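Dumped run.pdb below, it's PDB, C-alpha atoms:
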```
ATOM      1  CA  MET A 684       0.063  -8.008 -12.296
ATOM      2  CA  GLU A 685       0.124  -4.273 -12.204
ATOM      3  CA  ALA A 686       2.205  -3.049  -9.281
ATOM      4  CA  SER A 687       1.642   0.659  -9.285
ATOM      5  CA  ALA A 688       3.923   3.379  -7.984
ATOM      6  CA  TRP A 689       1.005   5.778  -7.835
ATOM      7  CA  SER A 690      -0.448   7.036  -4.601
ATOM      8  CA  PRO A 691      -3.768   5.557  -3.411
ATOM      9  CA  VAL A 692      -6.607   6.730  -5.562
ATOM     10  CA  MET A 693      -9.058   9.100  -3.932
ATOM     11  CA  ARG A 694     -12.672   8.531  -4.793
ATOM     12  CA  VAL A 695     -15.235  11.141  -3.759
ATOM     13  CA  SER A 696     -18.984  10.734  -4.104
ATOM     14  CA  ILE A 697     -20.748  14.010  -4.865
ATOM     15  CA  HIS A 698     -24.141  14.651  -3.352
ATOM     16  CA  SER A 699     -25.305  18.095  -4.345
ATOM     17  CA  ASN A 700     -28.240  19.666  -6.107
ATOM     18  CA  ARG A 701     -25.742  21.712  -8.066
ATOM     19  CA  VAL A 702     -23.903  18.789  -9.633
ATOM     20  CA  GLY A 703     -25.931  18.792 -12.823
ATOM     21  CA  ARG A 704     -25.608  22.530 -13.358
ATOM     22  CA  SER A 705     -23.029  24.371 -15.382
ATOM     23  CA  SER A 706     -20.135  25.514 -13.241
ATOM     24  CA  GLY A 707     -19.469  28.549 -15.391
ATOM     25  CA  ILE A 708     -15.816  27.552 -15.726
ATOM     26  CA  PRO A 709     -14.252  28.155 -19.165
ATOM     27  CA  PRO A 710     -13.655  24.902 -21.150
ATOM     28  CA  SER A 711      -9.898  25.506 -21.181
ATOM     29  CA  LEU A 712      -9.846  25.624 -17.382
ATOM     30  CA  LEU A 713     -12.054  22.557 -17.088
ATOM     31  CA  LYS A 714      -9.500  20.636 -19.140
ATOM     32  CA  GLN A 715      -6.802  21.579 -16.665
ATOM     33  CA  ILE A 716      -9.123  20.590 -13.806
ATOM     34  CA  ILE A 717      -9.588  17.106 -15.223
ATOM     35  CA  TYR A 718      -5.902  16.402 -15.679
ATOM     36  CA  ARG A 719      -4.180  18.471 -13.006
ATOM     37  CA  GLY A 720      -6.625  19.153 -10.182
ATOM     38  CA  LEU A 721      -6.612  15.851  -8.331
ATOM     39  CA  PRO A 722      -2.891  15.514  -7.478
ATOM     40  CA  ARG A 723      -2.979  18.695  -5.369
ATOM     41  CA  ILE A 724      -4.850  17.015  -2.543
ATOM     42  CA  VAL A 725      -4.229  13.267  -2.979
ATOM     43  CA  GLY A 726      -1.962  12.151  -0.168
ATOM     44  CA  HIS A 727      -3.236  14.774   2.281
ATOM     45  CA  LEU A 728      -6.651  13.361   3.103
ATOM     46  CA  SER A 729      -8.110  10.961   5.618
ATOM     47  CA  LEU A 730     -10.422   8.734   3.588
ATOM     48  CA  ASN A 731     -11.612   5.159   3.876
ATOM     49  CA  ASP A 732     -10.212   4.339   0.439
ATOM     50  CA  CYS A 733      -6.732   5.158   1.746
ATOM     51  CA  GLY A 734      -7.077   2.521   4.448
ATOM     52  CA  GLY A 735      -6.670   5.187   7.121
ATOM     53  CA  PRO A 736      -4.956   8.557   7.148
ATOM     54  CA  CYS A 737      -3.231   9.193   3.837
ATOM     55  CA  PRO A 738       0.428  10.121   4.353
ATOM     56  CA  SER A 739       1.572  13.614   3.495
ATOM     57  CA  THR A 740       3.934  13.627   0.545
ATOM     58  CA  ARG A 741       6.274  15.873   2.539
ATOM     59  CA  GLY A 742       6.104  13.824   5.707
ATOM     60  CA  ASP A 743       4.796  16.720   7.779
ATOM     61  CA  ARG A 744       1.373  17.544   9.104
ATOM     62  CA  ALA A 745      -1.319  17.432   6.416
ATOM     63  CA  PRO A 746      -2.285  20.939   5.319
ATOM     64  CA  ALA A 747      -5.803  22.279   5.609
ATOM     65  CA  PHE A 748      -8.069  22.166   2.565
ATOM     66  CA  GLU A 749      -8.094  25.040   0.161
ATOM     67  CA  ALA A 750     -11.565  25.616  -1.243
ATOM     68  CA  GLY A 751     -10.276  25.858  -4.806
ATOM     69  CA  ASN A 752      -8.397  22.559  -4.601
ATOM     70  CA  LEU A 753     -11.402  20.754  -3.165
ATOM     71  CA  PHE A 754     -13.643  22.134  -5.900
ATOM     72  CA  THR A 755     -11.306  21.096  -8.698
ATOM     73  CA  SER A 756     -11.054  17.553  -7.358
ATOM     74  CA  LEU A 757     -14.832  17.238  -7.065
ATOM     75  CA  GLU A 758     -15.279  18.651 -10.541
ATOM     76  CA  ALA A 759     -12.751  16.210 -11.995
ATOM     77  CA  THR A 760     -14.449  13.267 -10.277
ATOM     78  CA  TRP A 761     -17.880  14.353 -11.467
ATOM     79  CA  LEU A 762     -16.702  14.822 -15.057
ATOM     80  CA  LEU A 763     -15.122  11.357 -15.047
ATOM     81  CA  LYS A 764     -18.338   9.822 -13.746
ATOM     82  CA  LYS A 765     -20.415  11.694 -16.316
ATOM     83  CA  LYS A 766     -18.200  10.467 -19.143
ATOM     84  CA  GLY A 767     -18.455   6.935 -17.783
ATOM     85  CA  GLN A 768     -22.248   7.071 -17.885
ATOM     86  CA  GLU A 769     -22.203   8.299 -21.480
ATOM     87  CA  VAL A 770     -19.775   5.613 -22.631
ATOM     88  CA  ARG A 771     -21.670   2.885 -20.783
ATOM     89  CA  ARG A 772     -24.735   3.566 -22.937
ATOM     90  CA  CYS A 773     -22.643   3.141 -26.068
ATOM     91  CA  LEU A 774     -20.955  -0.040 -24.872
ATOM     92  CA  ALA A 775     -24.290  -1.769 -24.317
ATOM     93  CA  GLY A 776     -22.774  -4.295 -21.946
ATOM     94  CA  ARG A 777     -19.571  -5.024 -23.867
ATOM     95  CA  SER A 778     -16.470  -5.528 -21.784
ATOM     96  CA  ILE A 779     -13.272  -3.508 -22.086
ATOM     97  CA  PHE A 780      -9.900  -5.289 -22.144
ATOM     98  CA  LEU A 781      -6.899  -3.147 -21.242
ATOM     99  CA  VAL A 782      -3.616  -4.238 -22.813
ATOM    100  CA  GLY A 783      -0.123  -2.820 -22.497
ATOM    101  CA  MET A 784       3.322  -3.374 -21.085
ATOM    102  CA  MET A 785       3.857  -4.321 -17.460
ATOM    103  CA  GLY A 786       3.814  -1.210 -15.317
ATOM    104  CA  SER A 787       1.578   0.724 -17.712
ATOM    105  CA  GLY A 788      -1.087   1.140 -15.042
ATOM    106  CA  LYS A 789      -3.739  -1.195 -16.433
ATOM    107  CA  THR A 790      -4.920  -2.277 -12.998
ATOM    108  CA  THR A 791      -5.004   1.185 -11.439
ATOM    109  CA  VAL A 792      -6.679   2.796 -14.455
ATOM    110  CA  GLY A 793      -8.985  -0.175 -14.920
ATOM    111  CA  GLU A 794     -10.301   0.072 -11.374
ATOM    112  CA  ILE A 795     -11.116   3.749 -11.850
ATOM    113  CA  MET A 796     -12.776   3.091 -15.210
ATOM    114  CA  SER A 797     -14.889   0.263 -13.838
ATOM    115  CA  GLU A 798     -16.178   2.518 -11.089
ATOM    116  CA  ALA A 799     -17.039   5.281 -13.575
ATOM    117  CA  LEU A 800     -18.797   2.815 -15.879
ATOM    118  CA  GLY A 801     -20.541   0.849 -13.143
ATOM    119  CA  TYR A 802     -18.695  -2.251 -14.371
ATOM    120  CA  THR A 803     -16.893  -5.038 -12.495
ATOM    121  CA  PHE A 804     -13.105  -4.927 -12.537
ATOM    122  CA  ILE A 805     -10.984  -8.063 -12.966
ATOM    123  CA  ASP A 806      -7.216  -8.435 -13.132
ATOM    124  CA  SER A 807      -6.545 -11.465 -15.355
ATOM    125  CA  ASP A 808      -3.263 -12.252 -13.578
ATOM    126  CA  LYS A 809      -5.061 -12.364 -10.233
ATOM    127  CA  TYR A 810      -7.745 -14.513 -11.859
ATOM    128  CA  VAL A 811      -5.110 -17.078 -12.878
ATOM    129  CA  GLU A 812      -3.401 -16.954  -9.474
ATOM    130  CA  GLN A 813      -6.670 -17.675  -7.710
ATOM    131  CA  THR A 814      -7.494 -20.472 -10.144
ATOM    132  CA  LEU A 815      -4.163 -22.187  -9.455
ATOM    133  CA  GLY A 816      -4.089 -21.349  -5.767
ATOM    134  CA  LEU A 817      -0.659 -19.720  -6.037
ATOM    135  CA  ASP A 818       0.493 -16.392  -4.672
ATOM    136  CA  SER A 819       1.935 -14.689  -7.743
ATOM    137  CA  VAL A 820       2.701 -14.908 -11.435
ATOM    138  CA  ALA A 821       6.393 -14.983 -10.506
ATOM    139  CA  GLN A 822       5.762 -18.128  -8.452
ATOM    140  CA  ILE A 823       3.853 -19.735 -11.345
ATOM    141  CA  PHE A 824       6.718 -18.964 -13.745
ATOM    142  CA  LYS A 825       9.265 -20.389 -11.308
ATOM    143  CA  GLN A 826       7.402 -23.583 -10.480
ATOM    144  CA  CYS A 827       5.630 -24.351 -13.745
ATOM    145  CA  GLY A 828       7.175 -22.274 -16.521
ATOM    146  CA  GLU A 829       5.856 -19.529 -18.781
ATOM    147  CA  LYS A 830       3.949 -21.814 -21.179
ATOM    148  CA  PHE A 831       1.959 -23.263 -18.296
ATOM    149  CA  PHE A 832       0.995 -19.762 -17.208
ATOM    150  CA  ARG A 833       0.118 -18.662 -20.762
ATOM    151  CA  ASP A 834      -2.211 -21.647 -21.175
ATOM    152  CA  TYR A 835      -4.130 -20.705 -18.053
ATOM    153  CA  GLU A 836      -4.080 -17.057 -19.087
ATOM    154  CA  SER A 837      -5.782 -17.976 -22.365
ATOM    155  CA  ASP A 838      -8.356 -20.057 -20.495
ATOM    156  CA  ALA A 839      -9.056 -17.097 -18.222
ATOM    157  CA  LEU A 840      -9.539 -14.691 -21.129
ATOM    158  CA  GLN A 841     -11.864 -17.157 -22.840
ATOM    159  CA  GLN A 842     -14.025 -17.350 -19.729
ATOM    160  CA  LEU A 843     -14.005 -13.586 -19.208
ATOM    161  CA  SER A 844     -14.875 -12.940 -22.866
ATOM    162  CA  MET A 845     -18.182 -14.726 -22.345
ATOM    163  CA  MET A 846     -19.185 -12.293 -19.622
ATOM    164  CA  GLY A 847     -20.272  -8.703 -19.976
ATOM    165  CA  ASN A 848     -19.956  -5.432 -18.098
ATOM    166  CA  LEU A 849     -16.299  -6.013 -17.202
ATOM    167  CA  VAL A 850     -13.136  -3.965 -17.298
ATOM    168  CA  VAL A 851     -10.293  -6.487 -17.557
ATOM    169  CA  ALA A 852      -6.648  -5.629 -16.955
ATOM    170  CA  THR A 853      -4.666  -8.203 -18.911
ATOM    171  CA  GLY A 854      -1.078  -9.287 -18.330
ATOM    172  CA  GLY A 855       1.587  -7.588 -20.441
ATOM    173  CA  GLY A 856       2.207 -10.719 -22.505
ATOM    174  CA  ALA A 857      -1.422 -11.640 -23.148
ATOM    175  CA  VAL A 858      -1.200 -10.062 -26.605
ATOM    176  CA  ILE A 859       1.381 -12.520 -27.946
ATOM    177  CA  ARG A 860      -1.147 -15.312 -28.544
ATOM    178  CA  PRO A 861      -3.514 -14.722 -31.485
ATOM    179  CA  VAL A 862      -6.227 -16.761 -29.779
ATOM    180  CA  ASN A 863      -6.308 -14.246 -26.944
ATOM    181  CA  TRP A 864      -7.206 -11.518 -29.424
ATOM    182  CA  GLU A 865     -10.143 -13.622 -30.587
ATOM    183  CA  TYR A 866     -11.411 -13.605 -27.017
ATOM    184  CA  MET A 867     -10.752  -9.915 -26.414
ATOM    185  CA  LYS A 868     -12.456  -8.958 -29.667
ATOM    186  CA  GLN A 869     -15.713 -10.133 -28.085
ATOM    187  CA  GLY A 870     -15.506  -6.793 -26.314
ATOM    188  CA  LEU A 871     -13.348  -3.751 -26.921
ATOM    189  CA  SER A 872      -9.573  -3.633 -26.474
ATOM    190  CA  VAL A 873      -7.604  -0.566 -25.341
ATOM    191  CA  TYR A 874      -3.817  -0.265 -25.504
ATOM    192  CA  LEU A 875      -2.177   1.959 -22.887
ATOM    193  CA  ASP A 876       0.979   3.180 -24.627
ATOM    194  CA  VAL A 877       3.521   4.377 -22.046
ATOM    195  CA  PRO A 878       7.156   5.353 -22.824
ATOM    196  CA  VAL A 879       9.678   2.675 -21.837
ATOM    197  CA  ASP A 880      11.630   5.087 -19.644
ATOM    198  CA  ALA A 881       8.539   5.845 -17.553
ATOM    199  CA  LEU A 882       7.749   2.125 -17.262
ATOM    200  CA  ALA A 883      11.298   1.357 -16.145
ATOM    201  CA  ARG A 884      11.209   4.046 -13.468
ATOM    202  CA  ARG A 885       7.892   2.769 -12.104
ATOM    203  CA  ILE A 886       9.055  -0.838 -11.952
ATOM    204  CA  ALA A 887      12.480   0.013 -10.566
ATOM    205  CA  ALA A 888      10.759   1.868  -7.727
ATOM    206  CA  VAL A 889       9.081  -1.336  -6.531
ATOM    207  CA  GLY A 890      11.750  -3.814  -7.683
ATOM    208  CA  THR A 891      11.908  -6.462 -10.417
ATOM    209  CA  ASN A 892      11.494  -9.531  -8.185
ATOM    210  CA  SER A 893       7.789  -9.786  -9.003
ATOM    211  CA  ARG A 894       8.505  -9.454 -12.748
ATOM    212  CA  PRO A 895       9.927 -12.807 -13.910
ATOM    213  CA  LEU A 896      10.730 -11.533 -17.402
ATOM    214  CA  LEU A 897      12.840  -8.706 -15.968
ATOM    215  CA  ASP A 898      14.533 -10.413 -13.012
ATOM    216  CA  PHE A 899      18.050 -10.795 -14.379
ATOM    217  CA  ASP A 900      21.066 -11.909 -12.347
ATOM    218  CA  SER A 901      22.882  -8.594 -12.327
ATOM    219  CA  GLY A 902      22.356  -4.886 -12.815
ATOM    220  CA  ASP A 903      20.591  -2.118 -10.946
ATOM    221  CA  PRO A 904      16.764  -2.209 -10.957
ATOM    222  CA  TYR A 905      16.331   0.626 -13.482
ATOM    223  CA  THR A 906      18.831  -0.770 -15.992
ATOM    224  CA  LYS A 907      17.378  -4.267 -15.757
ATOM    225  CA  ALA A 908      13.866  -2.925 -16.162
ATOM    226  CA  PHE A 909      14.727  -0.629 -19.063
ATOM    227  CA  ILE A 910      16.648  -3.235 -21.085
ATOM    228  CA  GLY A 911      14.023  -5.906 -20.535
ATOM    229  CA  LEU A 912      11.096  -3.605 -21.292
ATOM    230  CA  PHE A 913      12.741  -2.177 -24.395
ATOM    231  CA  THR A 914      13.297  -5.675 -25.784
ATOM    232  CA  LEU A 915       9.766  -6.808 -24.965
ATOM    233  CA  SER A 916       8.189  -3.656 -26.391
ATOM    234  CA  LYS A 917       9.906  -4.219 -29.734
ATOM    235  CA  LYS A 918       8.714  -7.823 -29.881
ATOM    236  CA  ARG A 919       5.144  -6.936 -28.948
ATOM    237  CA  ALA A 920       4.691  -3.686 -30.876
ATOM    238  CA  GLN A 921       2.834  -5.327 -33.746
ATOM    239  CA  SER A 922       0.571  -7.218 -31.374
ATOM    240  CA  TYR A 923      -0.354  -4.092 -29.424
ATOM    241  CA  SER A 924      -1.288  -2.373 -32.677
ATOM    242  CA  SER A 925      -4.211  -4.801 -32.987
ATOM    243  CA  ALA A 926      -6.083  -3.039 -30.188
ATOM    244  CA  ASP A 927      -9.286  -1.229 -31.106
ATOM    245  CA  VAL A 928      -8.181   1.923 -29.278
ATOM    246  CA  THR A 929      -4.678   3.213 -28.522
ATOM    247  CA  VAL A 930      -4.172   5.821 -25.817
ATOM    248  CA  SER A 931      -0.671   7.283 -25.927
ATOM    249  CA  LEU A 932       0.209   8.948 -22.661
ATOM    250  CA  LEU A 933       2.926  10.921 -24.423
ATOM    251  CA  ALA A 934       1.000  12.055 -27.504
ATOM    252  CA  ASP A 935      -2.601  12.117 -26.290
ATOM    253  CA  LEU A 936      -2.061  13.596 -22.847
ATOM    254  CA  ALA A 937       1.384  14.871 -21.915
ATOM    255  CA  ALA A 938       2.050  16.713 -25.168
ATOM    256  CA  ASN A 939      -1.410  18.255 -25.374
ATOM    257  CA  LEU A 940      -1.261  19.470 -21.790
ATOM    258  CA  GLY A 941       2.330  20.624 -21.825
ATOM    259  CA  VAL A 942       3.385  18.024 -19.247
ATOM    260  CA  GLU A 943       7.029  17.041 -19.644
ATOM    261  CA  ASP A 944       6.890  13.781 -17.691
ATOM    262  CA  VAL A 945       4.031  11.306 -18.160
ATOM    263  CA  SER A 946       4.531  10.277 -14.528
ATOM    264  CA  ASP A 947       2.927  13.596 -13.607
ATOM    265  CA  LEU A 948      -0.357  12.426 -15.147
ATOM    266  CA  THR A 949      -2.815  11.063 -12.614
ATOM    267  CA  PRO A 950      -4.618   7.729 -13.028
ATOM    268  CA  THR A 951      -7.875   9.712 -13.106
ATOM    269  CA  ALA A 952      -6.581  11.758 -16.029
ATOM    270  CA  ILE A 953      -5.625   8.627 -17.928
ATOM    271  CA  ALA A 954      -8.940   6.912 -17.201
ATOM    272  CA  THR A 955     -10.787   9.980 -18.451
ATOM    273  CA  GLU A 956      -8.770  10.016 -21.665
ATOM    274  CA  VAL A 957      -9.434   6.310 -22.220
ATOM    275  CA  LEU A 958     -13.173   6.885 -21.925
ATOM    276  CA  VAL A 959     -12.967   9.841 -24.319
ATOM    277  CA  GLN A 960     -11.112   7.724 -26.895
ATOM    278  CA  VAL A 961     -13.516   4.799 -26.449
ATOM    279  CA  GLU A 962     -16.432   7.154 -27.016
ATOM    280  CA  LYS A 963     -14.836   8.386 -30.249
ATOM    281  CA  PHE A 964     -14.253   4.829 -31.396
ATOM    282  CA  LEU A 965     -17.817   3.751 -30.731
ATOM    283  CA  GLY A 966     -19.177   6.877 -32.339
ATOM    284  CA  GLY A 967     -17.286   6.044 -35.513
ATOM    285  CA  GLY A 968     -19.458   3.000 -36.218
ATOM    286  CA  ILE A 969     -16.639   0.455 -36.386
ATOM    287  CA  ASP A 970     -17.757  -2.721 -38.147
ATOM    288  CA  SER A 971     -16.613  -4.997 -35.322
ATOM    289  CA  LEU A 972     -19.236  -3.428 -33.072
ATOM    290  CA  ASP A 973     -22.879  -2.542 -33.537
ATOM    291  CA  LYS A 974     -23.060   0.854 -35.180
ATOM    292  CA  ARG A 975     -24.046   3.282 -32.493
ATOM    293  CA  THR A 976     -23.719   6.999 -32.049
ATOM    294  CA  CYS A 977     -22.516   8.120 -28.656
ATOM    295  CA  PRO A 978     -24.400  11.024 -27.119
TER     296      PRO A 978
END
```
File written out as structure tokens:
Amino acid sequence: MEASAWSPVMRVSIHSNRVGRSSGIPPSLLKQIIYRGLPRIVGHLSLNDCGGPCPSTRGDRAPAFEAGNLFTSLEATWLLKKKGQEVRRCLAGRSIFLVGMMGSGKTTVGEIMSEALGYTFIDSDKYVEQTLGLDSVAQIFKQCGEKFFRDYESDALQQLSMMGNLVVATGGGAVIRPVNWEYMKQGLSVYLDVPVDALARRIAAVGTNSRPLLDFDSGDPYTKAFIGLFTLSKKRAQSYSSADVTVSLLADLAANLGVEDVSDLTPTAIATEVLVQVEKFLGGGIDSLDKRTCP
């Protein structure tokens, strides 16, 4: 399961006759809008998606809107939606399977992508939990063992592979079984590559109790998370390389934008980059998919 340390995602529907028109903003500025505009106002709004008033990040009274900040957030949301519509045409109903280490944001990013694509989002861990009638993966590991969980995980991926129009967030260990790749190859697989240090900080922030592979007897949360994640990442590196598309938060986003810490990247920015990379992949006419040219 993907427990995210990110703030609630703001989703804004745009209803304007001007949406389809050119904004007149230079491309270089638009790039900054996509990746840096949204965080300025997330956490200071009262929206239904926040489940009530969103808390101010400073704990004081929420500041009034600035017109420029509101515009950049709307522009970023519109650009994400536009890219989703373009990629949807290229996918032709194929599902997208997100793979990556625990804490990489597969669930958060997957939900945003599914909305942009008009797809249904499914978390494979939740799918297994509901099938077994248990509360968490940690509980399944404790009561039944890892192999039991992995068997049901494979069954879930087989069932999901026969459907279409899905964005599926897989568990971090789903890649270790070759048969799971056979199922995921029925659609398109995307690896979210996040530095181990960033993963450890995210998981330490929420605790390791819900992560059975990281819940050691001793050590502070960050150290336990870092050591466990580092070991797992080395074991799974070859498996992750089998994904159709790899999106490196460090190389593809942070470095290009001059962001020192990948934690400063918003889920919307990552979802946008995933769609851009998927579009490039599909436009390349890969043999595993029908040869199509993205618009």
Open item on the list: Suppose a student applies the PyMOL selection byres ((chain A and resi 927) around 9) to this structure; what residues should they get, written as a ChimeraX atom specification?
Closed with: /A:868,871-874,924-926,928-929,961,964
Open item on the list: For segment 806-820 of chain A, find every residue with an atom within 7 Å (counting only C-alpha atoms), except residues of its own chain fewer than 3 positions away, and show them as a list in words.
Closed with: Met684, Thr790, Ile823, Phe824, Tyr835, Glu836, Ala839, Val851, Ala852, Thr853 and Gly854 of chain A
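The two atoms in question, atom CA of Gly783 of chain A and atom CA of Thr906 of chain A, are spaced 20.1 Å apart.
Atom CA of Leu849 of chain A to atom CA of Tyr802 of chain A spans 5.3 Å [interatomic distance, one decimal].
Minimum atom-to-atom distances from A:Arg833, A:Lys766, A:Lys963, A:Arg919 to Val782 of chain A were compared using all atoms listed in the file, and the lowest value belongs to A:Arg919.
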TODO: Between A:Gly788, A:Ala934, A:Thr951, A:Arg860, single out the one closest to Glu758 of chain A, counting all atoms listed in the file.
DONE: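 With all atoms listed in the file as the atom set, the closest residue is A:Thr951.
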Open item on the list: If I take atom CA of Asp834 of chain A and atom CA of Leu781 of chain A, how far is one from the other in Å, to one decimal?
Closed with: 19.1 Å
TODO: Find the spatial neighbours of segment 908-918 of chain A, counting all atoms listed in the file, within a cut-off of 8 Å - ignore same-chain residues fewer than 2 positions away - and output them as a PyMOL selection string.
DONE: chain A and resi 784+879-880+882-884+886-887+891+896-897+904-906+920-921
Could you give me the axis-aligned bounding box of segment 801-815 of chain A, with 4 Å of padding per side, as centre plus edge lengths in Å to one decimal, as JSON?
```
{"center_x": -11.9, "center_y": -10.7, "center_z": -11.5, "size_x": 25.3, "size_y": 31.0, "size_z": 15.6}
```
- [ ] May I have the residues within 6 Å of segment 760-765 of chain A as JSON, numbers by chain, using only C-alpha atoms and disregarding those fewer than 2 positions away in the same chain?
- [x] {"A": [757, 758, 767, 768, 799, 955]}
